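The structure appears right after this line, and notes come after that.
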Amino acid sequence: MNLVEAIYKATAEFPSEERFGLSSQIRRAAVSIPSNIAEGHGRKSTASFINFLSIAFGSLMEVETQIQISARLNFLSGDKATSLLSQTDEIGKMISGLKKSLAEKQ
């Protein structure tokens, strides 16, 4: 959820012509991460939860790529991109750890 907030704040500073482009894309991908985690948890099936964690991880990879694109286009400063990528790295580790833990219980 913190990453979603940070992405929304960062993209608010993107050029206005990006409102329906990269800004929209990165926001949707960021929102997809916690949404898929919540949906998977709500399914009450370990296998289903693991599947939704995989989908969330895929969305996380989209966000990382879009942060890098945004930095290359100078929509984000290097410091802001580094901060956001640090968050995505930490979230990736958490998702991977949770998937591994759940897989061991199956």
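In the structure tokens, each chain is lettered A, B, ... as it comes, each chain's residues begin at 1, and ligands are numbered from 1 in order of appearance.
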*Write out as an MDAnalysis selection string the residues lying within 7 Å of region 80-93 of chain A, counting only C-alpha atoms and excluding same-chain residues fewer than 3 positions away.*
chainID A and resid 3 57 60 64 67 71 76:77 96:97
*Of the candidates A:Ser48, A:Gln68, A:Met61, A:Arg28, which one gets nearest to Val4 (chain A) if we count only C-alpha atoms?*
A:Arg28
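All residues of protein, DNA or RNA that reach within 12 Å of Ile95 (chain A), judged by only C-alpha atoms and not counting those fewer than 3 positions away in the chain, are Ile33, Pro34, Asn36, Ile37, Phe49, Ile50, Asn51, Phe52, Leu53, Ser54, Ile55, Ala56, Phe57, Gly58, Ser59, Leu60, Met61, Thr88, Asp89, Glu90, Ile91, Gly92, Leu98, Lys99, Lys100, Ser101 and Leu102 of chain A.
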Restrict the selected residues to N, CA and C atoms and save them as a tab-separated table (two decimals), in the first residue's frame.
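Dumped everything to again_0.tsv:
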```tsv
chain	number	residue	atom	x	y	z
A	33	ILE	N	-0.82	-4.86	-7.38
A	33	ILE	CA	0.01	-5.67	-6.47
A	33	ILE	C	-0.76	-6.02	-5.19
A	34	PRO	N	-1.16	-5.03	-4.37
A	34	PRO	CA	-1.88	-5.40	-3.15
A	34	PRO	C	-3.26	-5.99	-3.43
A	36	ASN	N	-4.12	-8.08	-5.87
A	36	ASN	CA	-3.98	-9.52	-6.14
A	36	ASN	C	-3.60	-10.29	-4.88
A	37	ILE	N	-2.81	-9.69	-4.02
A	37	ILE	CA	-2.47	-10.35	-2.76
A	37	ILE	C	-3.74	-10.52	-1.93
A	49	PHE	N	-3.85	-18.86	-3.52
A	49	PHE	CA	-3.09	-17.74	-2.96
A	49	PHE	C	-1.72	-17.65	-3.63
A	50	ILE	N	-1.06	-18.77	-3.78
A	50	ILE	CA	0.26	-18.78	-4.43
A	50	ILE	C	0.14	-18.26	-5.86
A	51	ASN	N	-0.91	-18.66	-6.57
A	51	ASN	CA	-1.12	-18.19	-7.93
A	51	ASN	C	-1.28	-16.67	-7.97
A	52	PHE	N	-2.08	-16.13	-7.06
A	52	PHE	CA	-2.30	-14.69	-7.03
A	52	PHE	C	-1.04	-13.94	-6.59
A	53	LEU	N	-0.22	-14.56	-5.75
A	53	LEU	CA	1.06	-13.95	-5.40
A	53	LEU	C	1.97	-13.87	-6.63
A	54	SER	N	1.90	-14.87	-7.49
A	54	SER	CA	2.67	-14.85	-8.73
A	54	SER	C	2.20	-13.72	-9.64
A	55	ILE	N	0.91	-13.52	-9.69
A	55	ILE	CA	0.35	-12.43	-10.50
A	55	ILE	C	0.80	-11.08	-9.91
A	56	ALA	N	0.74	-10.96	-8.58
A	56	ALA	CA	1.19	-9.73	-7.91
A	56	ALA	C	2.67	-9.46	-8.21
A	57	PHE	N	3.47	-10.53	-8.21
A	57	PHE	CA	4.90	-10.38	-8.50
A	57	PHE	C	5.10	-9.90	-9.94
A	58	GLY	N	4.30	-10.41	-10.86
A	58	GLY	CA	4.37	-9.95	-12.24
A	58	GLY	C	4.05	-8.47	-12.35
A	59	SER	N	3.04	-8.03	-11.62
A	59	SER	CA	2.69	-6.60	-11.61
A	59	SER	C	3.82	-5.78	-11.01
A	60	LEU	N	4.47	-6.32	-10.00
A	60	LEU	CA	5.61	-5.65	-9.39
A	60	LEU	C	6.72	-5.46	-10.42
A	61	MET	N	6.96	-6.47	-11.24
A	61	MET	CA	7.99	-6.36	-12.28
A	61	MET	C	7.61	-5.30	-13.32
A	88	THR	N	10.30	-1.54	-4.31
A	88	THR	CA	9.88	-2.70	-5.10
A	88	THR	C	10.76	-3.91	-4.79
A	89	ASP	N	12.04	-3.67	-4.54
A	89	ASP	CA	12.94	-4.76	-4.19
A	89	ASP	C	12.49	-5.42	-2.89
A	90	GLU	N	12.16	-4.61	-1.91
A	90	GLU	CA	11.72	-5.14	-0.60
A	90	GLU	C	10.40	-5.90	-0.74
A	91	ILE	N	9.49	-5.36	-1.51
A	91	ILE	CA	8.20	-6.03	-1.72
A	91	ILE	C	8.40	-7.35	-2.45
A	92	GLY	N	9.29	-7.36	-3.41
A	92	GLY	CA	9.59	-8.60	-4.14
A	92	GLY	C	10.11	-9.68	-3.21
A	98	LEU	N	6.85	-15.20	1.09
A	98	LEU	CA	5.51	-15.70	1.40
A	98	LEU	C	5.15	-16.88	0.49
A	99	LYS	N	5.48	-16.76	-0.80
A	99	LYS	CA	5.22	-17.88	-1.73
A	99	LYS	C	5.97	-19.12	-1.29
A	100	LYS	N	7.23	-18.97	-0.92
A	100	LYS	CA	8.03	-20.12	-0.48
A	100	LYS	C	7.45	-20.73	0.78
A	101	SER	N	7.07	-19.91	1.72
A	101	SER	CA	6.48	-20.41	2.96
A	101	SER	C	5.19	-21.17	2.71
A	102	LEU	N	4.34	-20.63	1.86
A	102	LEU	CA	3.07	-21.29	1.56
A	102	LEU	C	3.30	-22.59	0.80
```
*Measuring atom to atom with only C-alpha atoms, identify which of A:Ala47, A:Ala6, A:Val63, A:Met94 is nearest to Gln106 (chain A).*
A:Ala47
_Need the shell around region 12-25 of chain A: protein/DNA/RNA residues with any atom at most 10 Å away, counting only C-alpha atoms. Skip same-chain ones fewer than 4 positions apart. Format as number ranges by chain?_
A: 6-8, 29-30, 62-63, 66-67, 69-70, 74-76
*asked:* Just the number, please: distance in Å from CA of Gly40 (chain A) to CA of Met1 (chain A), one decimal.
replied: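 Result for CA of Gly40 (chain A) versus CA of Met1 (chain A): 15.9 Å, one decimal.
The coordinates place CA of Glu5 (chain A) at 12.8 Å from CA of Ser32 (chain A).
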